[in-house]
$ cat coords.pdb   # PDB, C-alpha atoms and all ligand atoms
ATOM      1  CA  MET W   1     -53.550 -40.634   2.424
ATOM      2  CA  ILE W   2     -54.810 -42.977  -0.269
ATOM      3  CA  SER W   3     -53.832 -41.749  -3.714
ATOM      4  CA  LEU W   4     -54.884 -43.033  -7.101
ATOM      5  CA  ARG W   5     -52.818 -41.872 -10.055
ATOM      6  CA  ASN W   6     -53.867 -42.352 -13.710
ATOM      7  CA  MET W   7     -55.431 -45.585 -12.553
ATOM      8  CA  THR W   8     -57.106 -47.844 -15.096
ATOM      9  CA  TYR W   9     -58.616 -51.259 -14.474
ATOM     10  CA  PHE W  10     -59.934 -53.893 -16.922
ATOM     11  CA  TYR W  11     -61.599 -57.113 -15.766
ATOM     12  CA  PRO W  12     -59.901 -60.094 -17.427
ATOM     13  CA  GLY W  13     -61.222 -60.635 -20.958
ATOM     14  CA  GLU W  14     -63.225 -57.369 -21.028
ATOM     15  CA  GLU W  15     -62.647 -54.864 -23.833
ATOM     16  CA  LEU W  16     -63.843 -51.780 -22.002
ATOM     17  CA  PRO W  17     -62.172 -50.658 -18.781
ATOM     18  CA  ALA W  18     -64.291 -50.822 -15.599
ATOM     19  CA  LEU W  19     -62.334 -47.759 -14.421
ATOM     20  CA  LYS W  20     -60.540 -45.318 -16.664
ATOM     21  CA  ASN W  21     -57.710 -42.957 -15.737
ATOM     22  CA  ILE W  22     -58.822 -42.202 -12.183
ATOM     23  CA  ASN W  23     -56.977 -39.518 -10.225
ATOM     24  CA  LEU W  24     -58.142 -39.131  -6.652
ATOM     25  CA  ASP W  25     -56.725 -38.508  -3.179
ATOM     26  CA  VAL W  26     -58.483 -39.519   0.013
ATOM     27  CA  GLY W  27     -57.129 -37.490   2.892
ATOM     28  CA  GLU W  28     -56.690 -38.570   6.471
ATOM     29  CA  ASN W  29     -59.761 -37.637   8.430
ATOM     30  CA  GLU W  30     -61.903 -37.188   5.370
ATOM     31  CA  PHE W  31     -65.518 -38.257   4.917
ATOM     32  CA  LEU W  32     -65.709 -38.992   1.208
ATOM     33  CA  VAL W  33     -68.799 -40.301  -0.537
ATOM     34  CA  ILE W  34     -68.652 -42.094  -3.874
ATOM     35  CA  LEU W  35     -71.869 -41.928  -5.853
ATOM     36  CA  GLY W  36     -72.767 -43.407  -9.202
ATOM     37  CA  ARG W  37     -75.434 -45.404 -11.007
ATOM     38  CA  ASN W  38     -75.378 -49.207 -11.284
ATOM     39  CA  GLY W  39     -72.295 -50.457 -13.087
ATOM     40  CA  SER W  40     -70.450 -47.120 -12.890
ATOM     41  CA  GLY W  41     -67.442 -48.761 -11.221
ATOM     42  CA  LYS W  42     -67.968 -48.051  -7.497
ATOM     43  CA  SER W  43     -67.355 -51.580  -6.172
ATOM     44  CA  THR W  44     -64.412 -52.040  -8.512
ATOM     45  CA  LEU W  45     -62.912 -48.861  -7.066
ATOM     46  CA  ALA W  46     -63.516 -50.151  -3.514
ATOM     47  CA  ARG W  47     -61.597 -53.361  -4.339
ATOM     48  CA  LEU W  48     -58.696 -51.359  -5.762
ATOM     49  CA  LEU W  49     -58.402 -49.273  -2.590
ATOM     50  CA  ASN W  50     -57.104 -52.170  -0.495
ATOM     51  CA  GLY W  51     -55.347 -54.232  -3.135
ATOM     52  CA  LEU W  52     -58.088 -56.854  -3.651
ATOM     53  CA  LEU W  53     -57.702 -55.821  -7.305
ATOM     54  CA  LEU W  54     -54.547 -54.296  -8.764
ATOM     55  CA  PRO W  55     -54.453 -51.525 -11.400
ATOM     56  CA  ILE W  56     -53.644 -52.471 -14.984
ATOM     57  CA  GLN W  57     -52.233 -48.979 -15.536
ATOM     58  CA  GLY W  58     -51.291 -46.289 -13.045
ATOM     59  CA  LYS W  59     -51.080 -46.910  -9.303
ATOM     60  CA  VAL W  60     -52.831 -46.897  -5.947
ATOM     61  CA  GLU W  61     -50.851 -45.926  -2.846
ATOM     62  CA  VAL W  62     -51.959 -46.238   0.766
ATOM     63  CA  ASP W  63     -49.878 -44.029   3.050
ATOM     64  CA  GLY W  64     -47.092 -44.243   0.491
ATOM     65  CA  TRP W  65     -47.280 -48.041   0.034
ATOM     66  CA  ASN W  66     -48.050 -49.234  -3.477
ATOM     67  CA  THR W  67     -50.841 -51.857  -3.471
ATOM     68  CA  ALA W  68     -48.851 -53.741  -6.144
ATOM     69  CA  ASP W  69     -46.102 -54.343  -3.557
ATOM     70  CA  ALA W  70     -46.910 -57.839  -2.265
ATOM     71  CA  ASP W  71     -44.799 -57.308   0.871
ATOM     72  CA  LYS W  72     -47.025 -54.436   1.960
ATOM     73  CA  LEU W  73     -50.372 -56.008   1.165
ATOM     74  CA  GLN W  74     -51.065 -57.281   4.675
ATOM     75  CA  LEU W  75     -50.324 -53.875   6.205
ATOM     76  CA  ILE W  76     -52.474 -52.190   3.561
ATOM     77  CA  ARG W  77     -55.442 -54.522   4.234
ATOM     78  CA  GLN W  78     -55.144 -53.776   7.945
ATOM     79  CA  ARG W  79     -55.236 -50.048   7.281
ATOM     80  CA  VAL W  80     -58.055 -50.111   4.745
ATOM     81  CA  GLY W  81     -61.135 -51.864   6.157
ATOM     82  CA  LEU W  82     -63.551 -52.857   3.400
ATOM     83  CA  LEU W  83     -67.153 -53.940   3.756
ATOM     84  CA  PHE W  84     -69.705 -54.889   1.088
ATOM     85  CA  SER W  85     -73.475 -54.958   1.184
ATOM     86  CA  ASN W  86     -74.107 -58.668   1.688
ATOM     87  CA  PRO W  87     -73.491 -59.384   5.380
ATOM     88  CA  ASP W  88     -74.035 -63.137   4.941
ATOM     89  CA  ASN W  89     -70.706 -63.324   3.104
ATOM     90  CA  GLN W  90     -68.876 -61.629   5.956
ATOM     91  CA  LEU W  91     -70.378 -63.226   9.095
ATOM     92  CA  ILE W  92     -68.781 -66.574   9.828
ATOM     93  CA  SER W  93     -69.246 -67.429  13.523
ATOM     94  CA  ASN W  94     -72.214 -68.764  15.470
ATOM     95  CA  GLN W  95     -72.196 -65.921  17.924
ATOM     96  CA  VAL W  96     -72.157 -62.160  17.350
ATOM     97  CA  GLU W  97     -69.278 -61.447  19.730
ATOM     98  CA  GLU W  98     -67.141 -64.243  18.296
ATOM     99  CA  ASP W  99     -67.696 -62.788  14.884
ATOM    100  CA  VAL W 100     -66.600 -59.304  15.898
ATOM    101  CA  ALA W 101     -63.579 -60.796  17.716
ATOM    102  CA  PHE W 102     -62.449 -62.766  14.656
ATOM    103  CA  GLY W 103     -60.452 -59.967  13.002
ATOM    104  CA  PRO W 104     -58.695 -58.716  16.172
ATOM    105  CA  GLU W 105     -57.836 -62.338  17.098
ATOM    106  CA  ASN W 106     -56.076 -62.703  13.760
ATOM    107  CA  LEU W 107     -54.039 -59.620  14.599
ATOM    108  CA  GLY W 108     -52.716 -61.552  17.600
ATOM    109  CA  LEU W 109     -53.857 -59.007  20.198
ATOM    110  CA  LYS W 110     -54.110 -59.661  23.967
ATOM    111  CA  ARG W 111     -57.413 -61.112  25.248
ATOM    112  CA  SER W 112     -58.201 -57.984  27.284
ATOM    113  CA  GLU W 113     -57.629 -55.760  24.246
ATOM    114  CA  ILE W 114     -59.848 -57.991  22.096
ATOM    115  CA  ARG W 115     -62.642 -57.911  24.713
ATOM    116  CA  GLN W 116     -62.444 -54.125  24.867
ATOM    117  CA  ARG W 117     -62.550 -53.721  21.085
ATOM    118  CA  VAL W 118     -65.503 -56.105  20.771
ATOM    119  CA  SER W 119     -67.588 -54.277  23.334
ATOM    120  CA  ASP W 120     -66.666 -50.805  22.036
ATOM    121  CA  SER W 121     -67.509 -51.787  18.458
ATOM    122  CA  LEU W 122     -70.820 -53.410  19.362
ATOM    123  CA  GLN W 123     -71.715 -50.317  21.343
ATOM    124  CA  GLN W 124     -70.879 -48.076  18.382
ATOM    125  CA  VAL W 125     -73.473 -49.867  16.254
ATOM    126  CA  SER W 126     -76.012 -50.283  19.129
ATOM    127  CA  MET W 127     -75.804 -54.095  19.093
ATOM    128  CA  GLU W 128     -74.429 -54.807  22.632
ATOM    129  CA  ALA W 129     -77.716 -56.493  23.565
ATOM    130  CA  TYR W 130     -77.155 -59.108  20.846
ATOM    131  CA  ARG W 131     -73.606 -60.104  21.732
ATOM    132  CA  LYS W 132     -74.574 -63.712  22.528
ATOM    133  CA  ALA W 133     -77.065 -64.001  19.651
ATOM    134  CA  ALA W 134     -76.550 -66.169  16.578
ATOM    135  CA  PRO W 135     -76.044 -63.998  13.461
ATOM    136  CA  ALA W 136     -78.285 -66.322  11.445
ATOM    137  CA  PHE W 137     -81.318 -65.181  13.461
ATOM    138  CA  LEU W 138     -80.714 -61.459  13.005
ATOM    139  CA  SER W 139     -82.408 -59.242  10.429
ATOM    140  CA  GLY W 140     -80.457 -58.063   7.365
ATOM    141  CA  GLY W 141     -79.904 -54.635   8.913
ATOM    142  CA  GLN W 142     -78.725 -56.143  12.221
ATOM    143  CA  LYS W 143     -76.303 -58.409  10.358
ATOM    144  CA  GLN W 144     -74.929 -55.379   8.533
ATOM    145  CA  LYS W 145     -74.433 -53.651  11.903
ATOM    146  CA  VAL W 146     -72.483 -56.654  13.238
ATOM    147  CA  ALA W 147     -70.364 -56.743  10.077
ATOM    148  CA  ILE W 148     -69.580 -53.028  10.560
ATOM    149  CA  ALA W 149     -68.627 -53.680  14.203
ATOM    150  CA  GLY W 150     -66.266 -56.422  12.961
ATOM    151  CA  VAL W 151     -64.454 -53.999  10.686
ATOM    152  CA  MET W 152     -64.387 -51.252  13.321
ATOM    153  CA  ALA W 153     -62.787 -53.679  15.777
ATOM    154  CA  MET W 154     -59.805 -53.901  13.431
ATOM    155  CA  LYS W 155     -59.270 -50.151  13.943
ATOM    156  CA  PRO W 156     -58.581 -49.394  10.296
ATOM    157  CA  ARG W 157     -57.350 -45.939   9.332
ATOM    158  CA  TYR W 158     -59.602 -45.957   6.269
ATOM    159  CA  LEU W 159     -63.062 -47.479   6.375
ATOM    160  CA  VAL W 160     -64.628 -48.259   2.995
ATOM    161  CA  LEU W 161     -68.337 -49.101   3.172
ATOM    162  CA  ASP W 162     -69.737 -50.274  -0.165
ATOM    163  CA  GLU W 163     -73.532 -50.036   0.185
ATOM    164  CA  ALA W 164     -72.885 -51.628   3.584
ATOM    165  CA  LEU W 165     -75.795 -49.799   5.258
ATOM    166  CA  SER W 166     -78.366 -50.711   2.611
ATOM    167  CA  MET W 167     -80.599 -52.916   4.809
ATOM    168  CA  ILE W 168     -80.506 -50.757   7.921
ATOM    169  CA  ASP W 169     -83.608 -48.651   8.703
ATOM    170  CA  PRO W 170     -83.226 -44.868   8.179
ATOM    171  CA  ARG W 171     -82.888 -44.114  11.890
ATOM    172  CA  GLY W 172     -80.290 -46.834  12.469
ATOM    173  CA  LYS W 173     -78.472 -45.618   9.384
ATOM    174  CA  SER W 174     -78.155 -42.053  10.715
ATOM    175  CA  GLU W 175     -77.017 -43.407  14.112
ATOM    176  CA  ILE W 176     -74.281 -45.483  12.505
ATOM    177  CA  ILE W 177     -73.144 -42.665  10.239
ATOM    178  CA  GLU W 178     -73.035 -40.472  13.358
ATOM    179  CA  SER W 179     -70.931 -42.975  15.280
ATOM    180  CA  ILE W 180     -68.542 -43.514  12.367
ATOM    181  CA  ARG W 181     -68.243 -39.762  12.047
ATOM    182  CA  CYS W 182     -67.350 -39.663  15.716
ATOM    183  CA  LEU W 183     -64.507 -42.129  15.045
ATOM    184  CA  HIS W 184     -63.595 -39.981  12.103
ATOM    185  CA  LYS W 185     -63.424 -36.807  14.214
ATOM    186  CA  ASN W 186     -61.847 -38.249  17.375
ATOM    187  CA  LYS W 187     -59.582 -40.972  16.048
ATOM    188  CA  GLY W 188     -58.738 -39.581  12.599
ATOM    189  CA  VAL W 189     -60.451 -42.418  10.713
ATOM    190  CA  SER W 190     -61.267 -41.619   7.078
ATOM    191  CA  LEU W 191     -64.642 -42.787   5.903
ATOM    192  CA  ILE W 192     -65.200 -43.666   2.254
ATOM    193  CA  MET W 193     -68.840 -44.404   1.749
ATOM    194  CA  ILE W 194     -70.207 -45.831  -1.472
ATOM    195  CA  THR W 195     -73.893 -45.407  -2.074
ATOM    196  CA  HIS W 196     -76.475 -44.202  -4.539
ATOM    197  CA  ASP W 197     -78.578 -42.627  -1.817
ATOM    198  CA  LEU W 198     -77.917 -38.890  -1.621
ATOM    199  CA  GLU W 199     -79.428 -38.821   1.887
ATOM    200  CA  GLU W 200     -76.457 -40.870   3.155
ATOM    201  CA  ALA W 201     -74.073 -38.398   1.565
ATOM    202  CA  ARG W 202     -75.425 -35.250   3.245
ATOM    203  CA  GLY W 203     -72.640 -34.921   5.829
ATOM    204  CA  ALA W 204     -69.751 -35.718   3.460
ATOM    205  CA  ASP W 205     -66.744 -33.417   3.088
ATOM    206  CA  ARG W 206     -66.542 -34.297  -0.604
ATOM    207  CA  VAL W 207     -68.568 -36.263  -3.091
ATOM    208  CA  VAL W 208     -67.110 -38.071  -6.097
ATOM    209  CA  VAL W 209     -69.521 -39.101  -8.846
ATOM    210  CA  LEU W 210     -68.526 -41.995 -11.078
ATOM    211  CA  GLY W 211     -70.088 -42.637 -14.477
ATOM    212  CA  GLU W 212     -69.013 -45.257 -17.042
ATOM    213  CA  GLY W 213     -65.833 -45.872 -15.100
ATOM    214  CA  GLU W 214     -64.777 -42.222 -15.027
ATOM    215  CA  VAL W 215     -64.860 -39.466 -12.445
ATOM    216  CA  LYS W 216     -67.685 -37.217 -13.654
ATOM    217  CA  ALA W 217     -67.698 -34.767 -10.756
ATOM    218  CA  ILE W 218     -65.866 -33.993  -7.516
ATOM    219  CA  SER W 219     -67.738 -31.538  -5.353
ATOM    220  CA  THR W 220     -69.378 -30.929  -1.965
ATOM    221  CA  PRO W 221     -72.971 -31.930  -1.124
ATOM    222  CA  GLY W 222     -73.845 -28.217  -0.798
ATOM    223  CA  GLU W 223     -72.685 -27.481  -4.334
ATOM    224  CA  LEU W 224     -73.669 -30.690  -6.102
ATOM    225  CA  PHE W 225     -77.057 -31.623  -4.633
ATOM    226  CA  PRO W 226     -79.006 -28.580  -5.890
ATOM    227  CA  LEU W 227     -77.904 -29.445  -9.481
ATOM    228  CA  ARG W 228     -80.934 -31.622 -10.127
ATOM    229  CA  ARG W 229     -80.534 -31.946 -13.887
ATOM    230  CA  LEU W 230     -76.891 -32.978 -13.625
ATOM    231  CA  LEU W 231     -77.744 -35.599 -10.996
ATOM    232  CA  LEU W 232     -80.506 -37.043 -13.189
ATOM    233  CA  ALA W 233     -78.124 -37.139 -16.164
ATOM    234  CA  LEU W 234     -75.641 -39.096 -14.013
ATOM    235  CA  GLY W 235     -78.379 -41.578 -13.075
ATOM    236  CA  LEU W 236     -78.807 -40.341  -9.508
ATOM    237  CA  GLU W 237     -82.072 -39.600  -7.729
ATOM    238  CA  PRO W 238     -82.066 -35.991  -6.428
ATOM    239  CA  LEU W 239     -83.035 -35.351  -2.810
ATOM    240  CA  GLU W 240     -86.790 -35.258  -2.165
ATOM    241  CA  ILE W 241     -86.461 -31.608  -1.124
ATOM    242  CA  SER W 242     -84.949 -30.705  -4.517
ATOM    243  CA  ASN W 243     -87.955 -32.289  -6.234
ATOM    244  CA  ILE W 244     -90.314 -30.183  -4.111
ATOM    245  CA  ILE W 245     -88.375 -26.999  -4.921
ATOM    246  CA  GLU W 246     -88.397 -27.897  -8.640
ATOM    247  CA  GLU W 247     -92.180 -28.401  -8.475
ATOM    248  CA  ILE W 248     -92.666 -24.986  -6.825
ATOM    249  CA  ASN W 249     -90.359 -23.297  -9.331
ATOM    250  CA  SER W 250     -92.145 -24.913 -12.273
ATOM    251  CA  ARG W 251     -95.190 -22.840 -11.273
ATOM    252  CA  GLY W 252     -93.342 -19.631 -12.017
ATOM    253  CA  ILE W 253     -92.185 -18.864  -8.474
ATOM    254  CA  SER W 254     -88.432 -18.607  -8.235
ATOM    255  CA  PHE W 255     -86.807 -19.324  -4.894
ATOM    256  CA  GLY W 256     -84.948 -21.780  -2.747
ATOM    257  CA  ARG W 257     -82.875 -23.425  -5.461
ATOM    258  CA  ASN W 258     -79.920 -24.108  -3.145
ATOM    259  CA  ILE W 259     -81.856 -25.214  -0.066
ATOM    260  CA  LEU W 260     -81.155 -28.780   1.103
ATOM    261  CA  GLU W 261     -82.913 -28.892   4.513
ATOM    262  CA  MET W 262     -86.649 -29.097   5.038
ATOM    263  CA  ASP W 263     -86.760 -26.613   7.957
ATOM    264  CA  LYS W 264     -84.932 -24.003   5.837
ATOM    265  CA  LEU W 265     -87.422 -24.552   3.013
ATOM    266  CA  VAL W 266     -90.377 -24.126   5.387
ATOM    267  CA  GLU W 267     -88.832 -20.863   6.663
ATOM    268  CA  GLU W 268     -88.400 -19.647   3.090
ATOM    269  CA  ILE W 269     -91.986 -20.521   2.181
ATOM    270  CA  CYS W 270     -93.285 -18.684   5.285
ATOM    271  CA  ARG W 271     -91.219 -15.626   4.346
ATOM    272  CA  PHE W 272     -92.579 -15.786   0.799
ATOM    273  CA  ILE W 273     -96.203 -15.985   1.947
TER     274      ILE W 273
HETATM  275  N1  LIG U 301     -66.033 -59.823 -12.151
HETATM  276  C1  LIG U 301     -66.318 -59.035 -13.201
HETATM  277  N2  LIG U 301     -65.975 -59.411 -14.470
HETATM  278  C2  LIG U 301     -66.235 -58.639 -15.536
HETATM  279  N3  LIG U 301     -66.850 -57.434 -15.460
HETATM  280  C3  LIG U 301     -67.210 -57.002 -14.232
HETATM  281  C4  LIG U 301     -66.978 -57.785 -13.038
HETATM  282  N4  LIG U 301     -67.453 -57.100 -11.969
HETATM  283  C5  LIG U 301     -67.958 -55.948 -12.461
HETATM  284  N5  LIG U 301     -67.820 -55.890 -13.814
HETATM  285  C6  LIG U 301     -68.230 -54.764 -14.696
HETATM  286  O1  LIG U 301     -67.492 -53.614 -14.329
HETATM  287  C7  LIG U 301     -68.314 -52.453 -14.352
HETATM  288  C8  LIG U 301     -68.319 -51.799 -12.976
HETATM  289  O2  LIG U 301     -68.951 -52.679 -12.057
HETATM  290  P1  LIG U 301     -69.066 -52.351 -10.510
HETATM  291  O3  LIG U 301     -69.585 -53.553  -9.827
HETATM  292  O4  LIG U 301     -67.773 -51.798 -10.048
HETATM  293  O5  LIG U 301     -70.167 -51.186 -10.522
HETATM  294  P2  LIG U 301     -70.982 -50.529  -9.292
HETATM  295  O6  LIG U 301     -70.953 -49.063  -9.536
HETATM  296  O7  LIG U 301     -70.478 -51.053  -8.017
HETATM  297  O8  LIG U 301     -72.462 -51.048  -9.580
HETATM  298  P3  LIG U 301     -73.649 -51.333  -8.531
HETATM  299  O9  LIG U 301     -74.259 -49.995  -8.203
HETATM  300  O10 LIG U 301     -74.582 -52.199  -9.299
HETATM  301  O11 LIG U 301     -73.077 -52.014  -7.317
HETATM  302  C9  LIG U 301     -69.686 -52.917 -14.837
HETATM  303  O12 LIG U 301     -69.764 -52.719 -16.206
HETATM  304  C10 LIG U 301     -69.683 -54.403 -14.505
HETATM  305  O13 LIG U 301     -70.502 -55.112 -15.384
HETATM  306 MG    MG U 302     -71.365 -52.081  -6.439
END
$ encode --input "coords.pdb" --output "structure tokens"
Amino acid sequence: MISLRNMTYFYPGEELPALKNINLDVGENEFLVILGRNGSGKSTLARLLNGLLLPIQGKVEVDGWNTADADKLQLIRQRVGLLFSNPDNQLISNQVEEDVAFGPENLGLKRSEIRQRVSDSLQQVSMEAYRKAAPAFLSGGQKQKVAIAGVMAMKPRYLVLDEALSMIDPRGKSEIIESIRCLHKNKGVSLIMITHDLEEARGADRVVVLGEGEVKAISTPGELFPLRRLLLALGLEPLEISNIIEEINSRGISFGRNILEMDKLVEEICRFI
């Protein structure tokens, strides 16, 4: 479990905290989504989860290890895989497979184990065909997929993806979320996904909404996503389907407020007609 207790963080020289008194637990095997408008503190939180930043007040513990304990930092970083949105900062080799192998090589694993991890990870993001390619010639979305494979190959227990799917096309995005969820179900990997796209958060167990450095809501997609006004007030774009339902309701017809899937809405409309 990752647990944050009364955790406050200030960037050096700043008067206002980037994160204020955060209390949050991320369970093993959980798919947690962190939502929030620009500047709400999402990336700062990501950096605190694996000790890249340390709390000014309160604490962050990963499986009982305090991130402020320098002796445990290497173990913590191995357990908490962290990936940001710009893949150019994370790809370093001239060949896709070398890049994915980089992390496992640093763990000092056997060659056969490294080979296995590289091919499994590339398969999980549907990039096996590009294993000999040069990352520089890939599209943004393909680079993001390779970067994800690189983190997966480290076999972290917690995988934190900070807008790390932003350049991948919608179909590729759902495939990757599906394959990470598979890891999550079969291997007990927790997924912490940071995004402002509610579509990516549909399958989450829990959703945390940050606003001005504070936790504004902790809920499930089923409970939170129909609350269109609240989402707008928190700077989030409601799902397209919620906009359609709002439009229908604004014409004096009252139904479907909690529906989140298009096929269910169509069924409801047919029943209404
Ligand atoms: N290196 C830094 N030094 C000072 N202030 C910073 C630094 N990085 C971020 N901040 C500030 O901390 C707050 C939280 O920023 P953060 O990057 O965590 O937000 P975010 O939710 O990830 O935003 P975005 O959606 O744009 O990625 C913002 O007010 C931001 O300006
Ligand atoms: Mg950010």
$ closest_residue --input "coords.pdb" --among "W:Met152, W:Leu53, W:Leu82, W:Val62" --to "Phe102 of chain W" --atoms "all atoms listed in the file"
W:Met152
$ atom_distance --input "coords.pdb" --atom1 "atom CA of Ile114 of chain W" --atom2 "atom CA of Val151 of chain W"
12.9 Å
$ residues_near_ligand --input "coords.pdb" --ligand "ligand LIG 301 (chain U)" --cutoff "10 Å" --atoms "only C-alpha atoms and all ligand atoms" --output "VMD selection string"
chain W and resid 9 to 19 34 to 47 84 to 85 162 to 163 194 to 196 210 to 213
$ resolve_selection --input "coords.pdb" --expression "the PyMOL selection byres (((chain W and resi 220) around 10) and not hetatm)" --output "NGL selection string"
:W and (32-33 or 201-208 or 217-219 or 221-225)
$ write_last_selection --input "coords.pdb" --atoms "C-alpha atoms" --output "PDB file, keeping the file's coordinate frame"
ATOM      1  CA  LEU W  32     -65.709 -38.992   1.208  1.00  0.00           C
ATOM      2  CA  VAL W  33     -68.799 -40.301  -0.537  1.00  0.00           C
ATOM      3  CA  ALA W 201     -74.073 -38.398   1.565  1.00  0.00           C
ATOM      4  CA  ARG W 202     -75.425 -35.250   3.245  1.00  0.00           C
ATOM      5  CA  GLY W 203     -72.640 -34.921   5.829  1.00  0.00           C
ATOM      6  CA  ALA W 204     -69.751 -35.718   3.460  1.00  0.00           C
ATOM      7  CA  ASP W 205     -66.744 -33.417   3.088  1.00  0.00           C
ATOM      8  CA  ARG W 206     -66.542 -34.297  -0.604  1.00  0.00           C
ATOM      9  CA  VAL W 207     -68.568 -36.263  -3.091  1.00  0.00           C
ATOM     10  CA  VAL W 208     -67.110 -38.071  -6.097  1.00  0.00           C
ATOM     11  CA  ALA W 217     -67.698 -34.767 -10.756  1.00  0.00           C
ATOM     12  CA  ILE W 218     -65.866 -33.993  -7.516  1.00  0.00           C
ATOM     13  CA  SER W 219     -67.738 -31.538  -5.353  1.00  0.00           C
ATOM     14  CA  PRO W 221     -72.971 -31.930  -1.124  1.00  0.00           C
ATOM     15  CA  GLY W 222     -73.845 -28.217  -0.798  1.00  0.00           C
ATOM     16  CA  GLU W 223     -72.685 -27.481  -4.334  1.00  0.00           C
ATOM     17  CA  LEU W 224     -73.669 -30.690  -6.102  1.00  0.00           C
ATOM     18  CA  PHE W 225     -77.057 -31.623  -4.633  1.00  0.00           C
TER      19      PHE W 225
END
$ residues_around --input "coords.pdb" --residues "segment 242-251 of chain W" --least-positions-apart "2" --cutoff "9 Å" --atoms "only C-alpha atoms" --output "list in words"
Phe225, Pro226, Leu227, Arg228, Pro238, Leu239, Glu240, Ile253, Ser254, Phe255, Gly256, Arg257, Asn258, Ile259, Leu260 and Leu265 of chain W
$ resolve_selection --input "coords.pdb" --expression "the PyMOL selection byres (((chain W and resi 76) around 10) and not hetatm)" --output "JSON, numbers by chain"
{"W": [49, 50, 51, 61, 62, 63, 65, 66, 67, 69, 70, 71, 72, 73, 74, 75, 77, 78, 79, 80, 81, 156, 157, 158]}
$ axis_aligned_box --input "coords.pdb" --around "segment 96-108 of chain W" --padding-each-side "6 Å" --output "AutoDock Vina command-line options"
--center_x -62.4 --center_y -61.5 --center_z 16.4 --size_x 31.4 --size_y 17.5 --size_z 18.7
$ atom_distance --input "coords.pdb" --atom1 "atom CA of Glu214 of chain W" --atom2 "atom CA of Ile177 of chain W"
26.6 Å
$ residues_around --input "coords.pdb" --residues "Gly188 of chain W" --least-positions-apart "5" --cutoff "12 Å" --atoms "only C-alpha atoms" --output "list in words"
Met1, Gly27, Glu28, Asn29, Glu30, Phe31, Lys155, Pro156, Arg157, Tyr158, Leu159, Ile180, Arg181, Cys182 and Leu183 of chain W
$ atom_distance --input "coords.pdb" --atom1 "atom CA of Pro87 of chain W" --atom2 "atom CA of Gly140 of chain W"
7.4 Å
$ resolve_selection --input "coords.pdb" --expression "the PyMOL selection byres (((chain W and resi 133) around 6) and not hetatm)" --output "list in words"
Gln95, Val96, Tyr130, Arg131, Lys132 and Ala134 of chain W
$ write_last_selection --input "coords.pdb" --atoms "C-alpha atoms" --output "PDB file, in the coordinates of the input"
ATOM      1  CA  GLN W  95     -72.196 -65.921  17.924  1.00  0.00           C
ATOM      2  CA  VAL W  96     -72.157 -62.160  17.350  1.00  0.00           C
ATOM      3  CA  TYR W 130     -77.155 -59.108  20.846  1.00  0.00           C
ATOM      4  CA  ARG W 131     -73.606 -60.104  21.732  1.00  0.00           C
ATOM      5  CA  LYS W 132     -74.574 -63.712  22.528  1.00  0.00           C
ATOM      6  CA  ALA W 134     -76.550 -66.169  16.578  1.00  0.00           C
TER       7      ALA W 134
END
$ closest_residue --input "coords.pdb" --among "W:Leu231, W:Ala136, W:Ile22, W:Leu83" --to "ligand MG 302 (chain U)" --atoms "all atoms listed in the file"
W:Leu83
$ build_atoms --input "coords.pdb" --residues "segment 175-185 of chain W" --atoms "N, CA and C atoms" --output "CSV table (one decimal), keeping the file's coordinate frame"
chain,number,residue,atom,x,y,z
W,175,GLU,N,-77.8,-43.2,12.9
W,175,GLU,CA,-77.0,-43.4,14.1
W,175,GLU,C,-75.6,-43.9,13.8
W,176,ILE,N,-75.6,-44.9,12.8
W,176,ILE,CA,-74.3,-45.5,12.5
W,176,ILE,C,-73.4,-44.5,11.8
W,177,ILE,N,-74.0,-43.7,10.9
W,177,ILE,CA,-73.1,-42.7,10.2
W,177,ILE,C,-72.6,-41.7,11.3
W,178,GLU,N,-73.5,-41.4,12.3
W,178,GLU,CA,-73.0,-40.5,13.4
W,178,GLU,C,-71.9,-41.1,14.1
W,179,SER,N,-72.0,-42.4,14.4
W,179,SER,CA,-70.9,-43.0,15.3
W,179,SER,C,-69.6,-43.2,14.5
W,180,ILE,N,-69.8,-43.4,13.2
W,180,ILE,CA,-68.5,-43.5,12.4
W,180,ILE,C,-67.9,-42.1,12.2
W,181,ARG,N,-68.8,-41.1,12.1
W,181,ARG,CA,-68.2,-39.8,12.0
W,181,ARG,C,-67.5,-39.4,13.3
W,182,CYS,N,-68.0,-39.9,14.4
W,182,CYS,CA,-67.4,-39.7,15.7
W,182,CYS,C,-65.9,-40.3,15.7
W,183,LEU,N,-65.8,-41.5,15.2
W,183,LEU,CA,-64.5,-42.1,15.0
W,183,LEU,C,-63.6,-41.3,14.2
W,184,HIS,N,-64.3,-40.8,13.1
W,184,HIS,CA,-63.6,-40.0,12.1
W,184,HIS,C,-63.1,-38.7,12.7
W,185,LYS,N,-63.9,-38.1,13.6
W,185,LYS,CA,-63.4,-36.8,14.2
W,185,LYS,C,-62.4,-37.1,15.3
